[in-house]
$ cat query-v1.cif   # mmCIF, C-alpha atoms
data_input
loop_
_atom_site.label_atom_id
_atom_site.label_comp_id
_atom_site.auth_asym_id
_atom_site.auth_seq_id
_atom_site.Cartn_x
_atom_site.Cartn_y
_atom_site.Cartn_z
CA MET X 1 -1.74 -31.53 2.31
CA MET X 2 -5.22 -30.00 2.40
CA VAL X 3 -5.64 -26.26 2.83
CA GLU X 4 -8.66 -24.03 3.24
CA SER X 5 -9.38 -21.83 0.26
CA HIS X 6 -8.97 -18.63 2.29
CA GLU X 7 -5.57 -19.53 3.75
CA ARG X 8 -2.59 -17.55 2.57
CA LEU X 9 0.71 -19.23 1.85
CA LEU X 10 2.11 -17.30 4.82
CA ASP X 11 -0.48 -18.82 7.20
CA VAL X 12 0.14 -22.34 5.99
CA LEU X 13 3.91 -22.02 6.27
CA ARG X 14 3.84 -20.56 9.78
CA ASN X 15 0.80 -22.09 11.42
CA ARG X 16 0.37 -25.46 9.74
CA LEU X 17 3.94 -26.38 8.91
CA GLY X 18 5.56 -24.56 11.85
CA LEU X 19 8.05 -22.82 9.58
CA ARG X 20 8.29 -19.66 11.67
CA GLY X 21 11.33 -18.31 9.86
CA THR X 22 8.96 -16.57 7.47
CA LYS X 23 7.69 -13.45 9.26
CA GLU X 24 4.47 -11.54 8.93
CA GLY X 25 4.93 -7.82 8.43
CA CYS X 26 2.39 -5.49 6.87
CA SER X 27 0.29 -8.18 5.14
CA THR X 28 -0.40 -5.80 2.27
CA GLY X 29 2.61 -6.45 0.05
CA ASP X 30 4.40 -3.25 1.02
CA CYS X 31 7.19 -4.43 3.33
CA GLY X 32 8.33 -7.70 1.75
CA ILE X 33 9.14 -9.29 5.12
CA CYS X 34 7.11 -12.43 4.35
CA ALA X 35 8.97 -13.14 1.09
CA VAL X 36 9.72 -16.72 0.10
CA LEU X 37 10.89 -18.29 -3.14
CA MET X 38 8.28 -19.81 -5.43
CA ASN X 39 9.88 -21.83 -8.20
CA GLY X 40 13.06 -19.94 -7.36
CA ARG X 41 11.59 -16.44 -7.66
CA LEU X 42 10.91 -14.06 -4.78
CA VAL X 43 7.23 -13.60 -3.91
CA ASN X 44 5.28 -12.12 -0.97
CA SER X 45 3.69 -15.06 0.84
CA CYS X 46 1.05 -12.74 2.36
CA LEU X 47 -0.40 -12.03 -1.08
CA ILE X 48 -0.53 -15.61 -2.31
CA LEU X 49 -3.32 -17.98 -1.53
CA ALA X 50 -1.91 -21.32 -0.39
CA ILE X 51 -4.11 -23.10 -2.88
CA GLN X 52 -2.46 -21.16 -5.71
CA ALA X 53 0.94 -22.45 -4.61
CA ARG X 54 -0.10 -26.00 -5.50
CA ASN X 55 2.49 -27.87 -7.57
CA LYS X 56 4.97 -25.06 -6.98
CA ARG X 57 8.33 -25.41 -5.28
CA ILE X 58 8.40 -23.18 -2.18
CA THR X 59 11.71 -22.38 -0.47
CA THR X 60 11.69 -20.69 2.94
CA ILE X 61 14.66 -19.60 5.02
CA GLU X 62 14.56 -23.03 6.70
CA GLY X 63 15.45 -24.61 3.37
CA ILE X 64 18.48 -22.44 2.71
CA GLY X 65 21.04 -23.84 5.15
CA THR X 66 21.31 -25.78 8.40
CA GLU X 67 22.85 -24.70 11.69
CA GLU X 68 25.82 -26.95 10.95
CA LYS X 69 26.12 -25.95 7.34
CA LEU X 70 25.03 -22.39 6.71
CA HIS X 71 24.46 -21.09 3.21
CA PRO X 72 27.25 -18.76 1.95
CA ILE X 73 24.77 -15.86 2.02
CA GLN X 74 24.00 -16.58 5.68
CA ARG X 75 27.73 -16.77 6.49
CA ALA X 76 28.30 -13.45 4.71
CA PHE X 77 25.47 -11.78 6.66
CA MET X 78 27.12 -12.97 9.89
CA LYS X 79 30.57 -11.83 8.78
CA TRP X 80 29.29 -8.32 8.01
CA ASN X 81 26.97 -8.14 11.02
CA ALA X 82 24.29 -7.38 8.46
CA SER X 83 21.48 -8.32 10.79
CA GLN X 84 20.35 -6.15 13.68
CA CYS X 85 16.84 -6.91 14.90
CA GLY X 86 16.74 -9.69 12.32
CA PHE X 87 13.08 -9.48 11.44
CA CYS X 88 13.63 -8.76 7.73
CA ILE X 89 16.68 -10.98 7.35
CA PRO X 90 14.99 -14.24 6.24
CA ALA X 91 13.38 -12.32 3.36
CA MET X 92 16.57 -10.40 2.69
CA ILE X 93 18.56 -13.63 2.38
CA LEU X 94 15.99 -15.15 0.04
CA ALA X 95 16.01 -11.99 -2.09
CA ALA X 96 19.78 -12.26 -2.27
CA LYS X 97 19.52 -15.92 -3.25
CA ASP X 98 17.05 -15.15 -6.04
CA LEU X 99 19.54 -12.57 -7.32
CA VAL X 100 22.82 -14.50 -7.16
CA ASP X 101 21.25 -17.69 -8.49
CA ARG X 102 20.44 -15.84 -11.71
CA ASN X 103 23.25 -13.30 -11.68
CA PRO X 104 26.47 -14.61 -10.09
CA ASP X 105 28.24 -11.27 -10.41
CA PRO X 106 25.76 -8.57 -9.35
CA THR X 107 26.67 -4.89 -9.23
CA GLU X 108 25.85 -2.80 -6.17
CA ASP X 109 22.95 -1.26 -8.08
CA GLU X 110 21.58 -4.71 -8.93
CA ILE X 111 21.87 -5.78 -5.28
CA ARG X 112 20.02 -2.67 -4.13
CA LYS X 113 17.28 -3.25 -6.70
CA ALA X 114 16.96 -6.94 -5.79
CA THR X 115 16.48 -6.13 -2.11
CA SER X 116 14.43 -2.98 -2.72
CA GLY X 117 11.10 -4.65 -2.00
CA ILE X 118 12.15 -5.57 1.53
CA LEU X 119 12.13 -2.86 4.14
CA CYS X 120 14.79 -2.98 6.82
CA ARG X 121 14.39 -0.30 9.45
CA CYS X 122 17.64 -0.80 11.35
CA THR X 123 20.71 -1.68 9.30
CA GLY X 124 20.75 1.18 6.82
CA TYR X 125 21.31 -1.43 4.09
CA VAL X 126 25.07 -0.81 3.69
CA LYS X 127 26.11 -3.99 5.47
CA ILE X 128 23.42 -5.97 3.72
CA VAL X 129 24.74 -4.86 0.32
CA GLU X 130 28.31 -5.70 1.37
CA ALA X 131 27.20 -9.10 2.62
CA VAL X 132 25.51 -9.94 -0.66
CA LYS X 133 28.63 -8.88 -2.57
CA THR X 134 30.78 -11.13 -0.38
CA ALA X 135 28.35 -14.01 -0.73
CA ALA X 136 28.33 -13.71 -4.51
CA GLN X 137 32.14 -13.85 -4.56
CA GLU X 138 32.18 -16.86 -2.23
CA MET X 139 29.61 -18.70 -4.31
CA LYS X 140 31.62 -18.23 -7.51
CA LYS X 141 34.60 -20.09 -5.98
CA MET D 1 -12.26 -21.52 -5.18
CA TYR D 2 -12.91 -22.97 -8.56
CA VAL D 3 -9.85 -24.23 -10.43
CA PRO D 4 -10.76 -24.86 -14.06
CA GLU D 5 -9.13 -27.78 -15.80
CA ASP D 6 -8.44 -25.83 -18.96
CA LEU D 7 -9.59 -22.84 -20.96
CA GLU D 8 -12.67 -24.57 -22.28
CA ASP D 9 -13.72 -25.56 -18.77
CA LEU D 10 -13.16 -21.99 -17.56
CA LEU D 11 -15.24 -20.41 -20.33
CA GLN D 12 -17.99 -22.94 -19.71
CA TYR D 13 -17.99 -22.10 -15.99
CA LEU D 14 -18.18 -18.34 -16.65
CA ASP D 15 -20.98 -18.80 -19.16
CA GLU D 16 -23.03 -20.91 -16.75
CA HIS D 17 -22.54 -18.74 -13.67
CA GLN D 18 -22.27 -15.14 -14.97
CA THR D 19 -22.20 -13.77 -11.40
CA GLY D 20 -20.98 -14.42 -7.86
CA PHE D 21 -17.36 -15.09 -8.80
CA GLN D 22 -14.18 -13.13 -9.21
CA LEU D 23 -11.34 -14.12 -11.54
CA ILE D 24 -7.97 -14.35 -9.82
CA ALA D 25 -4.60 -14.56 -11.59
CA ASN D 26 -1.71 -14.35 -9.13
CA GLY D 27 -3.59 -12.16 -6.68
CA SER D 28 -1.04 -9.44 -5.91
CA ASP D 29 -3.75 -6.76 -6.09
CA LEU D 30 -6.85 -8.83 -5.44
CA ILE D 31 -5.78 -10.41 -2.13
CA ASN D 32 -5.21 -6.93 -0.77
CA ARG D 33 -8.65 -5.80 -1.84
CA ILE D 34 -10.25 -8.86 -0.28
CA GLN D 35 -8.32 -8.34 2.97
CA ARG D 36 -9.44 -4.71 3.04
CA LYS D 37 -13.02 -5.90 2.50
CA GLN D 38 -13.33 -3.80 -0.66
CA ILE D 39 -14.66 -6.87 -2.40
CA ASN D 40 -16.15 -10.02 -1.01
CA PRO D 41 -16.44 -12.61 -3.78
CA LYS D 42 -18.27 -15.82 -3.03
CA THR D 43 -16.06 -17.83 -5.32
CA LEU D 44 -12.63 -17.15 -6.72
CA VAL D 45 -11.96 -18.60 -10.15
CA ASP D 46 -8.27 -19.37 -10.43
CA ILE D 47 -6.93 -18.63 -13.91
CA SER D 48 -3.25 -18.68 -12.86
CA GLY D 49 -2.77 -22.15 -14.34
CA LEU D 50 -3.59 -21.14 -17.92
CA SER D 51 0.02 -21.03 -19.04
CA GLU D 52 -0.97 -20.60 -22.69
CA PHE D 53 -1.58 -16.93 -21.87
CA ASN D 54 1.97 -16.33 -20.70
CA TYR D 55 3.82 -15.04 -23.76
CA VAL D 56 5.33 -11.98 -25.40
CA ARG D 57 5.63 -12.20 -29.15
CA LYS D 58 5.90 -10.08 -32.23
CA GLU D 59 3.80 -10.76 -35.28
CA GLY D 60 4.69 -8.44 -38.11
CA SER D 61 4.86 -5.05 -36.43
CA THR D 62 2.40 -5.98 -33.68
CA ILE D 63 3.60 -6.84 -30.17
CA LYS D 64 1.30 -9.24 -28.35
CA ILE D 65 1.43 -9.82 -24.62
CA GLY D 66 -0.51 -12.68 -23.03
CA ALA D 67 -2.67 -11.64 -20.09
CA LEU D 68 -0.88 -13.92 -17.61
CA THR D 69 2.59 -12.62 -18.45
CA THR D 70 4.16 -11.27 -15.26
CA ILE D 71 5.97 -7.95 -15.28
CA SER D 72 9.23 -9.88 -14.76
CA ASP D 73 8.48 -12.13 -17.73
CA LEU D 74 7.74 -9.06 -19.83
CA LEU D 75 11.11 -7.53 -18.96
CA SER D 76 13.07 -10.66 -19.74
CA SER D 77 11.45 -11.03 -23.16
CA PRO D 78 13.72 -10.30 -26.16
CA VAL D 79 10.71 -8.64 -27.84
CA ILE D 80 10.99 -5.78 -25.33
CA ASP D 81 14.13 -4.34 -26.93
CA SER D 82 15.90 -1.03 -26.34
CA ARG D 83 13.30 0.82 -28.43
CA HIS D 84 10.67 -0.33 -25.94
CA GLU D 85 12.75 0.71 -22.94
CA VAL D 86 9.60 2.37 -21.58
CA PHE D 87 8.52 -0.95 -20.08
CA ARG D 88 11.74 -1.06 -18.08
CA GLU D 89 10.97 2.48 -16.91
CA VAL D 90 7.56 1.29 -15.73
CA ALA D 91 8.89 -1.85 -14.06
CA ALA D 92 11.53 0.09 -12.14
CA ARG D 93 8.75 2.13 -10.53
CA PHE D 94 6.06 -0.55 -10.46
CA GLY D 95 7.07 -2.53 -7.42
CA GLY D 96 9.87 -4.60 -5.91
CA PRO D 97 10.93 -7.99 -7.25
CA SER D 98 8.42 -9.84 -5.07
CA ILE D 99 5.61 -7.87 -6.72
CA ILE D 100 6.76 -7.83 -10.34
CA ASN D 101 7.41 -11.60 -10.18
CA VAL D 102 3.72 -12.07 -9.50
CA ALA D 103 1.72 -9.15 -10.92
CA THR D 104 0.41 -9.84 -14.41
CA VAL D 105 -0.13 -7.58 -17.39
CA GLY D 106 -3.76 -8.70 -17.68
CA GLY D 107 -4.32 -8.12 -13.97
CA ASN D 108 -2.97 -4.59 -14.21
CA VAL D 109 -5.30 -3.81 -17.11
CA CYS D 110 -8.40 -5.43 -15.56
CA ALA D 111 -7.83 -3.75 -12.18
CA ALA D 112 -8.58 -0.54 -14.12
CA SER D 113 -7.76 2.08 -11.54
CA SER D 114 -5.58 5.15 -11.47
CA SER D 115 -2.82 3.27 -9.67
CA GLU D 116 -2.09 0.83 -12.50
CA ASP D 117 1.21 1.99 -13.96
CA LEU D 118 0.99 0.11 -17.25
CA LEU D 119 -2.24 1.78 -18.31
CA PRO D 120 -0.93 5.22 -19.40
CA VAL D 121 1.78 3.47 -21.42
CA PHE D 122 -0.67 1.14 -23.12
CA LEU D 123 -2.97 4.12 -23.79
CA VAL D 124 -0.32 6.10 -25.64
CA LEU D 125 0.64 2.97 -27.57
CA GLU D 126 -3.06 2.77 -28.54
CA ALA D 127 -3.18 -0.81 -27.30
CA LYS D 128 -6.09 -3.12 -27.92
CA VAL D 129 -7.26 -5.94 -25.71
CA LYS D 130 -8.55 -9.30 -26.79
CA LEU D 131 -11.54 -10.70 -24.89
CA ARG D 132 -12.69 -14.29 -25.11
CA SER D 133 -15.89 -16.06 -24.12
CA LYS D 134 -17.39 -19.42 -24.89
CA HIS D 135 -19.09 -17.83 -27.86
CA GLY D 136 -16.10 -16.25 -29.47
CA GLU D 137 -13.53 -13.52 -29.36
CA ARG D 138 -13.64 -9.75 -29.72
CA THR D 139 -11.04 -7.03 -29.76
CA VAL D 140 -11.61 -3.55 -28.34
CA THR D 141 -9.30 -0.60 -27.83
CA LEU D 142 -8.01 -0.17 -24.31
CA GLU D 143 -9.63 3.25 -24.26
CA GLU D 144 -13.05 1.68 -24.87
CA PHE D 145 -12.27 -1.09 -22.40
CA LEU D 146 -11.66 1.28 -19.48
CA LYS D 147 -15.13 2.43 -18.49
CA GLY D 148 -14.52 3.98 -15.12
CA LYS D 149 -12.74 3.38 -11.86
CA ARG D 150 -12.55 -0.42 -11.45
CA LEU D 151 -15.06 -0.64 -14.27
CA THR D 152 -14.30 -2.32 -17.58
CA ASP D 153 -16.06 -3.51 -20.69
CA LEU D 154 -15.37 -7.13 -19.68
CA ARG D 155 -18.61 -9.11 -19.77
CA PRO D 156 -19.32 -11.63 -17.00
CA ASN D 157 -18.64 -14.58 -19.29
CA GLU D 158 -15.41 -13.19 -20.72
CA ILE D 159 -11.73 -13.19 -19.88
CA LEU D 160 -9.07 -10.84 -21.15
CA THR D 161 -6.47 -12.90 -23.00
CA GLU D 162 -4.11 -10.47 -24.69
CA VAL D 163 -2.89 -6.89 -24.91
CA MET D 164 -1.49 -5.84 -28.29
CA PHE D 165 -0.03 -2.71 -29.81
CA GLU D 166 2.05 -1.57 -32.76
CA GLU D 167 5.77 -1.53 -32.10
CA LEU D 168 7.59 1.82 -31.99
CA ASP D 169 9.34 2.73 -35.24
CA ASP D 170 12.63 4.60 -35.73
CA ASN D 171 11.02 8.04 -35.51
CA SER D 172 8.96 7.31 -32.39
CA ALA D 173 9.80 7.12 -28.72
CA CYS D 174 7.86 6.55 -25.54
CA ALA D 175 8.62 7.55 -21.94
CA PHE D 176 7.00 7.01 -18.53
CA GLU D 177 7.19 9.21 -15.44
CA LYS D 178 5.73 8.78 -11.97
CA VAL D 179 5.64 10.63 -8.69
CA GLY D 180 4.53 9.02 -5.46
CA MET D 181 5.42 9.17 -1.79
CA ARG D 182 8.53 7.04 -2.34
CA ASN D 183 10.62 6.33 -5.39
CA SER D 184 9.07 3.02 -6.29
CA LEU D 185 6.81 0.31 -4.90
CA ILE D 186 4.22 2.93 -4.34
CA ILE D 187 0.88 4.07 -5.67
CA ALA D 188 1.40 7.14 -7.82
CA PHE D 189 -0.01 10.58 -7.07
CA VAL D 190 0.43 11.14 -10.75
CA ASN D 191 1.94 9.13 -13.56
CA SER D 192 2.28 9.96 -17.17
CA ALA D 193 3.30 8.45 -20.48
CA VAL D 194 4.17 10.25 -23.68
CA ARG D 195 4.60 8.75 -27.13
CA LEU D 196 6.21 11.08 -29.62
CA THR D 197 6.79 10.76 -33.36
CA LEU D 198 9.02 13.38 -34.94
CA GLU D 199 9.56 14.13 -38.59
CA LYS D 200 12.88 12.55 -39.48
CA GLY D 201 15.73 14.92 -38.71
CA SER D 202 13.55 17.74 -37.38
CA LYS D 203 11.67 18.87 -34.31
CA ARG D 204 8.30 18.85 -36.03
CA VAL D 205 5.74 16.68 -34.28
CA VAL D 206 4.13 14.15 -36.60
CA ASP D 207 2.16 12.58 -33.78
CA ILE D 208 2.02 12.90 -30.02
CA ARG D 209 -0.01 10.99 -27.48
CA ILE D 210 -0.12 11.92 -23.84
CA ALA D 211 -1.77 9.98 -21.03
CA PHE D 212 -2.06 10.40 -17.28
CA ASN D 213 -3.35 8.06 -14.60
CA ARG D 214 -6.11 10.62 -14.07
CA VAL D 215 -7.34 13.26 -16.45
CA ASN D 216 -10.96 13.81 -15.58
CA GLY D 217 -12.05 11.47 -12.82
CA LYS D 218 -10.11 8.50 -11.62
CA ILE D 219 -9.26 6.48 -14.69
CA PRO D 220 -6.21 6.78 -16.90
CA GLN D 221 -6.97 8.81 -20.01
CA ARG D 222 -5.38 10.66 -22.90
CA ALA D 223 -5.03 14.44 -22.77
CA ARG D 224 -6.39 14.91 -26.27
CA LYS D 225 -6.68 18.69 -26.37
CA VAL D 226 -3.00 19.07 -25.62
CA GLU D 227 -2.16 16.42 -28.19
CA GLU D 228 -4.07 18.37 -30.83
CA LYS D 229 -2.24 21.57 -29.94
CA LEU D 230 1.12 19.94 -30.54
CA ARG D 231 0.34 17.73 -33.52
CA GLY D 232 2.03 19.20 -36.59
CA ALA D 233 3.72 21.91 -34.51
CA ALA D 234 7.42 22.35 -34.00
CA LEU D 235 8.72 21.65 -30.52
CA THR D 236 9.65 25.22 -29.70
CA GLU D 237 9.68 26.68 -26.22
CA GLU D 238 6.64 28.77 -27.09
CA ASN D 239 4.57 25.86 -28.40
CA ILE D 240 5.43 23.69 -25.43
CA ALA D 241 4.55 26.46 -22.98
CA ALA D 242 1.17 26.83 -24.70
CA ALA D 243 0.64 23.07 -24.50
CA VAL D 244 1.45 23.00 -20.79
CA ALA D 245 -0.96 25.87 -20.21
CA SER D 246 -3.76 24.00 -21.94
CA LEU D 247 -2.83 20.88 -20.00
CA ASN D 248 -3.51 22.88 -16.87
CA SER D 249 -7.09 23.50 -17.98
CA GLU D 250 -7.72 20.05 -19.47
CA LEU D 251 -6.73 18.14 -16.35
CA LYS D 252 -9.44 17.88 -13.73
CA LEU D 253 -7.53 16.25 -10.94
CA SER D 254 -9.30 15.60 -7.70
CA SER D 255 -7.94 15.68 -4.20
CA ASP D 256 -7.81 12.65 -1.95
CA PHE D 257 -5.86 11.39 1.04
CA ARG D 258 -2.75 10.98 -1.14
CA ALA D 259 -2.48 14.46 -2.60
CA SER D 260 -4.44 17.61 -3.41
CA GLY D 261 -5.77 18.27 -6.90
CA GLU D 262 -3.71 21.44 -7.22
CA TYR D 263 -0.50 19.63 -6.33
CA ARG D 264 -1.37 16.83 -8.73
CA THR D 265 -1.89 19.31 -11.58
CA ASN D 266 1.49 20.94 -10.96
CA VAL D 267 3.17 17.56 -10.83
CA ALA D 268 1.37 16.42 -13.98
CA CYS D 269 2.70 19.41 -15.95
CA ALA D 270 6.22 18.73 -14.69
CA LEU D 271 5.97 15.04 -15.54
CA PHE D 272 4.71 15.83 -19.02
CA LYS D 273 7.72 18.06 -19.66
CA ARG D 274 10.08 15.43 -18.27
CA ALA D 275 8.57 12.65 -20.36
CA LEU D 276 8.66 14.85 -23.48
CA ASN D 277 12.32 15.61 -22.82
CA ARG D 278 13.10 11.94 -22.46
CA CYS D 279 11.37 11.21 -25.77
CA THR D 280 13.37 13.85 -27.64
CA GLU D 281 16.51 12.61 -25.92
CA LYS D 282 15.82 9.16 -27.29
CA LEU D 283 14.96 10.46 -30.77
CA ILE D 284 17.33 13.33 -31.46
CA GLY D 285 19.75 13.07 -28.57
CA GLU D 286 18.82 16.37 -26.93
CA THR D 287 16.40 17.73 -24.37
CA ILE D 288 14.28 20.66 -25.45
CA ILE D 289 12.82 22.09 -22.27
CA VAL D 290 14.76 23.42 -19.33
#
$ encode --input "query-v1.cif" --output "structure tokens"
Amino acid sequence: MMVESHERLLDVLRNRLGLRGTKEGCSTGDCGICAVLMNGRLVNSCLILAIQARNKRITTIEGIGTEEKLHPIQRAFMKWNASQCGFCIPAMILAAKDLVDRNPDPTEDEIRKATSGILCRCTGYVKIVEAVKTAAQEMKK
Amino acid sequence: MYVPEDLEDLLQYLDEHQTGFQLIANGSDLINRIQRKQINPKTLVDISGLSEFNYVRKEGSTIKIGALTTISDLLSSPVIDSRHEVFREVAARFGGPSIINVATVGGNVCAASSSEDLLPVFLVLEAKVKLRSKHGERTVTLEEFLKGKRLTDLRPNEILTEVMFEELDDNSACAFEKVGMRNSLIIAFVNSAVRLTLEKGSKRVVDIRIAFNRVNGKIPQRARKVEEKLRGAALTEENIAAAVASLNSELKLSSDFRASGEYRTNVACALFKRALNRCTEKLIGETIIV
């Protein structure tokens, strides 16, 4: 795939590849809504030039689960009703994945820190934290 | 964008061009500045692929951090042990995971503005930076390197490759404090680092270094007059009060859209006391200022 040198990873994902699960928020790295995984670690796709993502493994929310087979984190978010408007949830789920992939037994504090870069303006975070706890337990089974 | 094949190719490119380009590591600060039209480089030179500059190692008593080490990499390094907890204190206030996974130590140093949280810490550790060009390598102190706001001693044909400093010994501790609009992920109104060495088993100050993100103007600097006041003195309430008073006159903090100078000065004095307390807590297990 060829990209223009000025294109951000976010633009390429959404506009070229049609992966609209990744949302654009502030575009300044403050809100974290556009987060994706790059080589398994959470990054803001608005602050990364697409060309700098060459040879890197990018995971968006579309790569986490399918409608038929949701990822345990997605199931846990549904169980806890952890999504209200939903705009931050793709990033939130990826942040949770980055955490539980490296730390299968996170504490509440660790969950709060891991999701701290992503601003959710409706849930109040409590259900999100509970959902990540549940997901971590499910994934250990 | 120019993507050099290797270090040699990069240094050759810089030497030939000298101007019209901007180095980019992972871009967490730079992309913002380009989007805000603060800079408008013709060509970006991508150094993110130079993995040889991603390391944290200890040689003798010197800790060396490669310029392309991310804040996350720094934290997960075994070299950053409990004695160097101060880097965890910085990282907790630096930014969320999606920032610290990307932001590099070299980028933070080269950005050279008052918002770079690592700078006060490196200043009190009396860090040096290693600069490399096609023609060789030189080492300068961080203090010499920081020339002004967004202004460094980096020559057009050079890159910064390493930050190094002496590790903290048993009688020394370092602490970082920051106040901004929110708890973390935010540009500081004021931040401060203190490095304290006490005489073993006493409260006498052998050495103290104090830095703020602004002292006079908009670059991080040491508060040397206050340091001198406290060096050799005992950490009594009286001596500390005198030091804080002189801090008040040494700091020339300006007002901007984030905070007023007066507020900044008050906060700076409070942060200094907090950081000093945390140092003594680490060293002798007690706080000394109420």
$ closest_residue --input "query-v1.cif" --among "X:Ala136, X:Leu19, X:Ala96, X:Ile89" --to "Gly63 (chain X)" --atoms "all atoms listed in the file"
X:Leu19
$ closest_atom_pairs --input "query-v1.cif" --of "chain X" --to "chain D" --cutoff "6 Å" --atoms "all atoms listed in the file" --output "Markdown table"
| residue | atom | partner | partner_atom | distance |
| --- | --- | --- | --- | --- |
| X:Thr28 | CA | D:Asn32 | CA | 5.8 |
| X:Leu42 | CA | D:Ser98 | CA | 4.9 |
| X:Val43 | CA | D:Ser98 | CA | 4.1 |
| X:Asn44 | CA | D:Ser98 | CA | 5.6 |
| X:Leu47 | CA | D:Ser28 | CA | 5.5 |
| X:Ser116 | CA | D:Gly96 | CA | 5.8 |
| X:Gly117 | CA | D:Gly96 | CA | 4.1 |
$ residues_around --input "query-v1.cif" --residues "Leu271 (chain D)" --least-positions-apart "6" --cutoff "12 Å" --atoms "only C-alpha atoms" --output "mmCIF file with C-alpha atoms, in the frame of the given file"
data_model
loop_
_atom_site.group_PDB
_atom_site.id
_atom_site.type_symbol
_atom_site.label_atom_id
_atom_site.label_comp_id
_atom_site.auth_asym_id
_atom_site.auth_seq_id
_atom_site.Cartn_x
_atom_site.Cartn_y
_atom_site.Cartn_z
ATOM 1 C CA ALA D 175 8.620 7.550 -21.940
ATOM 2 C CA PHE D 176 7.000 7.010 -18.530
ATOM 3 C CA GLU D 177 7.190 9.210 -15.440
ATOM 4 C CA LYS D 178 5.730 8.780 -11.970
ATOM 5 C CA VAL D 179 5.640 10.630 -8.690
ATOM 6 C CA GLY D 180 4.530 9.020 -5.460
ATOM 7 C CA ALA D 188 1.400 7.140 -7.820
ATOM 8 C CA PHE D 189 -0.010 10.580 -7.070
ATOM 9 C CA VAL D 190 0.430 11.140 -10.750
ATOM 10 C CA ASN D 191 1.940 9.130 -13.560
ATOM 11 C CA SER D 192 2.280 9.960 -17.170
ATOM 12 C CA ALA D 193 3.300 8.450 -20.480
ATOM 13 C CA VAL D 194 4.170 10.250 -23.680
ATOM 14 C CA ILE D 210 -0.120 11.920 -23.840
ATOM 15 C CA ALA D 211 -1.770 9.980 -21.030
ATOM 16 C CA PHE D 212 -2.060 10.400 -17.280
ATOM 17 C CA ASN D 213 -3.350 8.060 -14.600
ATOM 18 C CA VAL D 244 1.450 23.000 -20.790
ATOM 19 C CA LEU D 247 -2.830 20.880 -20.000
ATOM 20 C CA ARG D 264 -1.370 16.830 -8.730
ATOM 21 C CA THR D 265 -1.890 19.310 -11.580
ATOM 22 C CA ASN D 277 12.320 15.610 -22.820
ATOM 23 C CA ARG D 278 13.100 11.940 -22.460
ATOM 24 C CA ILE D 289 12.820 22.090 -22.270
#
$ atom_distance --input "query-v1.cif" --atom1 "CA of Cys279 (chain D)" --atom2 "CA of Ala173 (chain D)"
5.3 Å
$ atom_distance --input "query-v1.cif" --atom1 "CA of Ile73 (chain X)" --atom2 "CA of Val100 (chain X)"
9.5 Å
$ closest_residue --input "query-v1.cif" --among "X:Pro104, X:Gly21, X:Gly65, X:Gly124" --to "Lys141 (chain X)" --atoms "only C-alpha atoms"
X:Pro104
$ axis_aligned_box --input "query-v1.cif" --around "region 63-80 of chain X" --padding-each-side "6 Å" --output "lines of an AutoDock Vina configuration file"
center_x = 23.0
center_y = -17.6
center_z = 6.8
size_x = 27.1
size_y = 30.6
size_z = 21.7
$ closest_residue --input "query-v1.cif" --among "X:Cys85, X:Met92, X:Leu10, X:Ile111" --to "Ser27 (chain X)" --atoms "only C-alpha atoms"
X:Leu10
$ resolve_selection --input "query-v1.cif" --expression "the PyMOL selection byres ((chain D and resi 152) around 10)" --output "list in words"
Val109, Cys110, Ala111, Ala112, Ser113, Leu142, Glu143, Glu144, Phe145, Leu146, Lys147, Gly148, Lys149, Arg150, Leu151, Asp153, Leu154 and Arg155 of chain D
$ resolve_selection --input "query-v1.cif" --expression "the PyMOL selection byres ((chain D and resi 195-205) around 6)" --output "list in words"
Val124, Asn171, Ser172, Ala173, Cys174, Val194, Val206, Asp207, Ile208, Arg209, Arg231, Gly232, Ala233, Ala234 and Leu235 of chain D
$ resolve_selection --input "query-v1.cif" --expression "the PyMOL selection byres ((chain D and resi 13) around 12)" --output "mmCIF file with C-alpha atoms, keeping the file's coordinate frame"
data_model
loop_
_atom_site.group_PDB
_atom_site.id
_atom_site.type_symbol
_atom_site.label_atom_id
_atom_site.label_comp_id
_atom_site.auth_asym_id
_atom_site.auth_seq_id
_atom_site.Cartn_x
_atom_site.Cartn_y
_atom_site.Cartn_z
ATOM 1 C CA TYR D 2 -12.910 -22.970 -8.560
ATOM 2 C CA VAL D 3 -9.850 -24.230 -10.430
ATOM 3 C CA PRO D 4 -10.760 -24.860 -14.060
ATOM 4 C CA GLU D 5 -9.130 -27.780 -15.800
ATOM 5 C CA ASP D 6 -8.440 -25.830 -18.960
ATOM 6 C CA LEU D 7 -9.590 -22.840 -20.960
ATOM 7 C CA GLU D 8 -12.670 -24.570 -22.280
ATOM 8 C CA ASP D 9 -13.720 -25.560 -18.770
ATOM 9 C CA LEU D 10 -13.160 -21.990 -17.560
ATOM 10 C CA LEU D 11 -15.240 -20.410 -20.330
ATOM 11 C CA GLN D 12 -17.990 -22.940 -19.710
ATOM 12 C CA LEU D 14 -18.180 -18.340 -16.650
ATOM 13 C CA ASP D 15 -20.980 -18.800 -19.160
ATOM 14 C CA GLU D 16 -23.030 -20.910 -16.750
ATOM 15 C CA HIS D 17 -22.540 -18.740 -13.670
ATOM 16 C CA GLN D 18 -22.270 -15.140 -14.970
ATOM 17 C CA THR D 19 -22.200 -13.770 -11.400
ATOM 18 C CA GLY D 20 -20.980 -14.420 -7.860
ATOM 19 C CA PHE D 21 -17.360 -15.090 -8.800
ATOM 20 C CA GLN D 22 -14.180 -13.130 -9.210
ATOM 21 C CA LEU D 23 -11.340 -14.120 -11.540
ATOM 22 C CA THR D 43 -16.060 -17.830 -5.320
ATOM 23 C CA LEU D 44 -12.630 -17.150 -6.720
ATOM 24 C CA VAL D 45 -11.960 -18.600 -10.150
ATOM 25 C CA ASP D 46 -8.270 -19.370 -10.430
ATOM 26 C CA ILE D 47 -6.930 -18.630 -13.910
ATOM 27 C CA SER D 133 -15.890 -16.060 -24.120
ATOM 28 C CA LYS D 134 -17.390 -19.420 -24.890
ATOM 29 C CA PRO D 156 -19.320 -11.630 -17.000
ATOM 30 C CA ASN D 157 -18.640 -14.580 -19.290
ATOM 31 C CA GLU D 158 -15.410 -13.190 -20.720
ATOM 32 C CA ILE D 159 -11.730 -13.190 -19.880
#
